Structure formats: C-alpha cells, structure tokens
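One structure is given below, encoded as structure tokens.
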Amino acid sequence: MIEHRQFLRTPTNATVVMSHPGFGTISVPARDLSEGGISVDLSQHFRPPVGTIVDVVIKRYTGAINAAPVKMQVRHIQLNGIVGLAFV
C-alpha cells in the first residue's frame, strides 16, 4: 500500500464528540491525530457518508482541546468502522 499522508499521525486516547443534524451527537474514541485531521472509531455507530461536514470537539482526560466545535469533513471510511476526518 502506498502512503499518501501529508501529516505525521500521533496515536491518542482522546474522545471525539461529533454532531450533525442527521444523527445528533455521539461520543467516540479517537485513534490518532494529526495537523490535518483525526481518525475515529465509528464501528458501533452510524457512519456518515464521505464528504459530510460534522461539528467536532476533541476531549482528553484533562478537558476539551477545543472549546468551540470545529468543522471537519468525513474523508474516508474503512470497513472496520474507522473514519478519517479532516479539518476544513
């Protein structure tokens, strides 16, 4: 597999609170984070289609990384439910 990533990914134990009018608000575990985005585990949840814009708050055990939600776009969906989100 050829790697096309633009940013270095760092594993994280953050939680992502993701909101969209189509599915409401869900809280899911993040897998890794980079300057360009974050991957989350949606294996137990509805997976919005690629291109969907969602509002995201990233939380760690010490509190929210971003107080106000940021817009992110669903960029890819893996068969195992891992979803890649990119900052827009």
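Following the order of the structure tokens, first chain is A, next is B, and so on, with residues numbered from 1 inside each chain and ligands from 1 in the order they appear.
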What's the 12 Å shell around A:Ser34, counting only C-alpha atoms, without same-chain residues fewer than 4 positions away, as a PDB file with N, CA, C and O atoms, in the first residue's frame?
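Dumped to around_0.pdb:
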```pdb
ATOM      1  N   ARG A   5      -0.077  10.192   3.083  1.00  0.00           N
ATOM      2  CA  ARG A   5      -0.391  11.130   4.161  1.00  0.00           C
ATOM      3  C   ARG A   5       0.499  12.365   4.078  1.00  0.00           C
ATOM      4  O   ARG A   5       1.699  12.277   3.863  1.00  0.00           O
ATOM      5  N   GLN A   6      -0.114  13.513   4.339  1.00  0.00           N
ATOM      6  CA  GLN A   6       0.603  14.781   4.312  1.00  0.00           C
ATOM      7  C   GLN A   6       1.183  15.114   5.683  1.00  0.00           C
ATOM      8  O   GLN A   6       2.212  15.758   5.790  1.00  0.00           O
ATOM      9  N   PHE A   7       0.514  14.656   6.752  1.00  0.00           N
ATOM     10  CA  PHE A   7       0.914  14.989   8.121  1.00  0.00           C
ATOM     11  C   PHE A   7       1.223  13.725   8.920  1.00  0.00           C
ATOM     12  O   PHE A   7       0.592  12.694   8.720  1.00  0.00           O
ATOM     13  N   LEU A   8       2.161  13.841   9.847  1.00  0.00           N
ATOM     14  CA  LEU A   8       2.501  12.750  10.746  1.00  0.00           C
ATOM     15  C   LEU A   8       1.337  12.500  11.702  1.00  0.00           C
ATOM     16  O   LEU A   8       0.789  13.441  12.274  1.00  0.00           O
ATOM     17  N   ARG A   9       0.962  11.249  11.869  1.00  0.00           N
ATOM     18  CA  ARG A   9      -0.132  10.891  12.769  1.00  0.00           C
ATOM     19  C   ARG A   9       0.429  10.452  14.116  1.00  0.00           C
ATOM     20  O   ARG A   9       1.428   9.745  14.179  1.00  0.00           O
ATOM     21  N   THR A  10      -0.246  10.880  15.190  1.00  0.00           N
ATOM     22  CA  THR A  10       0.165  10.537  16.542  1.00  0.00           C
ATOM     23  C   THR A  10      -0.972   9.794  17.228  1.00  0.00           C
ATOM     24  O   THR A  10      -2.101  10.292  17.267  1.00  0.00           O
ATOM     25  N   PRO A  11      -0.707   8.594  17.762  1.00  0.00           N
ATOM     26  CA  PRO A  11      -1.763   7.882  18.488  1.00  0.00           C
ATOM     27  C   PRO A  11      -2.286   8.745  19.645  1.00  0.00           C
ATOM     28  O   PRO A  11      -1.523   9.501  20.264  1.00  0.00           O
ATOM     29  N   THR A  12      -3.574   8.625  19.932  1.00  0.00           N
ATOM     30  CA  THR A  12      -4.169   9.406  21.013  1.00  0.00           C
ATOM     31  C   THR A  12      -5.243   8.604  21.716  1.00  0.00           C
ATOM     32  O   THR A  12      -5.821   7.680  21.125  1.00  0.00           O
ATOM     33  N   ALA A  30     -11.076   8.356  19.689  1.00  0.00           N
ATOM     34  CA  ALA A  30     -10.167   8.711  18.601  1.00  0.00           C
ATOM     35  C   ALA A  30      -9.044   7.689  18.566  1.00  0.00           C
ATOM     36  O   ALA A  30      -8.693   7.105  19.582  1.00  0.00           O
ATOM     37  N   ILE A  38      -8.200  13.772  12.189  1.00  0.00           N
ATOM     38  CA  ILE A  38      -8.262  12.782  13.260  1.00  0.00           C
ATOM     39  C   ILE A  38      -9.013  11.567  12.741  1.00  0.00           C
ATOM     40  O   ILE A  38      -9.903  11.692  11.897  1.00  0.00           O
ATOM     41  N   SER A  39      -8.628  10.390  13.194  1.00  0.00           N
ATOM     42  CA  SER A  39      -9.407   9.203  12.851  1.00  0.00           C
ATOM     43  C   SER A  39     -10.144   8.748  14.103  1.00  0.00           C
ATOM     44  O   SER A  39      -9.618   8.806  15.214  1.00  0.00           O
ATOM     45  N   GLY A  84     -11.934   8.620   8.850  1.00  0.00           N
ATOM     46  CA  GLY A  84     -10.969   9.715   8.822  1.00  0.00           C
ATOM     47  C   GLY A  84     -11.679  11.033   8.644  1.00  0.00           C
ATOM     48  O   GLY A  84     -12.480  11.194   7.713  1.00  0.00           O
ATOM     49  N   LEU A  85     -11.411  11.959   9.549  1.00  0.00           N
ATOM     50  CA  LEU A  85     -11.982  13.302   9.496  1.00  0.00           C
ATOM     51  C   LEU A  85     -10.875  14.316   9.228  1.00  0.00           C
ATOM     52  O   LEU A  85      -9.808  14.242   9.835  1.00  0.00           O
ATOM     53  N   ALA A  86     -11.131  15.269   8.337  1.00  0.00           N
ATOM     54  CA  ALA A  86     -10.146  16.301   8.022  1.00  0.00           C
ATOM     55  C   ALA A  86     -10.688  17.661   8.435  1.00  0.00           C
ATOM     56  O   ALA A  86     -11.886  17.946   8.263  1.00  0.00           O
ATOM     57  N   PHE A  87      -9.805  18.494   8.992  1.00  0.00           N
ATOM     58  CA  PHE A  87     -10.195  19.870   9.325  1.00  0.00           C
ATOM     59  C   PHE A  87     -10.546  20.610   8.042  1.00  0.00           C
ATOM     60  O   PHE A  87      -9.884  20.444   7.029  1.00  0.00           O
TER      61      PHE A  87
END
```
Query raised in the report: Which one of A:Asp55, A:Tyr61, A:Val40, A:His20 sits closest to A:Ile77 if you count only C-alpha atoms?
Result: A:Val40
Query raised in the report: In Å, how far is it from atom CA of A:Val50 to atom CA of A:Gly63?
Result: 28.7 Å
Requested in this report: Can you list, as a PyMOL selection string, all residues belonging to chain A that DSSP tags as strand (DSSP E or B)?
Outcome: chain A and resi 10-11+15-20+24-33+37-41+53-60+63-64+70-77+82-87
Report task. Work out how far atom CA of A:Phe46 is from atom CA of A:Leu33, in Å to one decimal. Result ->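 Atom CA of A:Leu33 sits 21.1 Å away from atom CA of A:Phe46.
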Query - A:Gln44, A:Thr62, A:Thr52, A:Asn80 ranked by distance to A:Ser27, top pick (using only C-alpha atoms) - result: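 Ranking A:Gln44, A:Thr62, A:Thr52, A:Asn80 by distance to A:Ser27, first place goes to A:Gln44.
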Query raised in the report: What's the 8 Å shell around A:Met18, counting only C-alpha atoms, without same-chain residues fewer than 3 positions away, as a list in words?
Result: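 The residues satisfying every condition are Thr25, Ile26, Ser27, Val28, Val54, Asp55, Val56 and Val57 of chain A.
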Write to file, as a PDB file, in the first residue's frame, the residues of the selection just made, with C-alpha atoms.
```pdb
ATOM      1  CA  THR A  25     -24.435  13.972  18.917  1.00  0.00           C
ATOM      2  CA  ILE A  26     -22.225  10.972  19.609  1.00  0.00           C
ATOM      3  CA  SER A  27     -19.089  10.463  21.673  1.00  0.00           C
ATOM      4  CA  VAL A  28     -16.495   8.122  20.130  1.00  0.00           C
ATOM      5  CA  VAL A  54     -19.628  17.473  11.098  1.00  0.00           C
ATOM      6  CA  ASP A  55     -19.011  19.594  14.205  1.00  0.00           C
ATOM      7  CA  VAL A  56     -16.275  18.149  16.422  1.00  0.00           C
ATOM      8  CA  VAL A  57     -14.979  18.745  19.945  1.00  0.00           C
TER       9      VAL A  57
END
```
Report summary line: A straight line from atom CA of A:Ile65 to atom CA of A:Leu79 spans 28.4 Å
Report task. Would you kindly return, as a ChimeraX atom specification, each protein, DNA or RNA residue with an atom no farther than 8 Å from any atom of A:Arg47, considering only C-alpha atoms and excluding same-chain residues fewer than 3 positions away? Result -> /A:42,77,81,83
Suppose we keep N, CA, C and O atoms; can you now write the selection as a compact mmCIF listing (two decimals), in the first residue's frame?
```txt
# COMPACT_ATOMS: atom_id res chain seq x y z
N LEU A 42 -15.98 4.52 14.58
CA LEU A 42 -17.43 4.57 14.49
C LEU A 42 -18.02 3.18 14.25
O LEU A 42 -19.11 3.04 13.72
N ILE A 77 -13.80 6.10 4.88
CA ILE A 77 -14.42 5.16 5.81
C ILE A 77 -13.84 3.78 5.52
O ILE A 77 -13.89 3.30 4.39
N GLY A 81 -14.97 0.31 10.36
CA GLY A 81 -15.65 1.41 11.05
C GLY A 81 -14.76 2.57 11.42
O GLY A 81 -15.23 3.53 12.03
N VAL A 83 -13.11 5.93 10.75
CA VAL A 83 -13.47 7.04 9.86
C VAL A 83 -12.42 8.14 9.98
O VAL A 83 -12.05 8.54 11.09
```
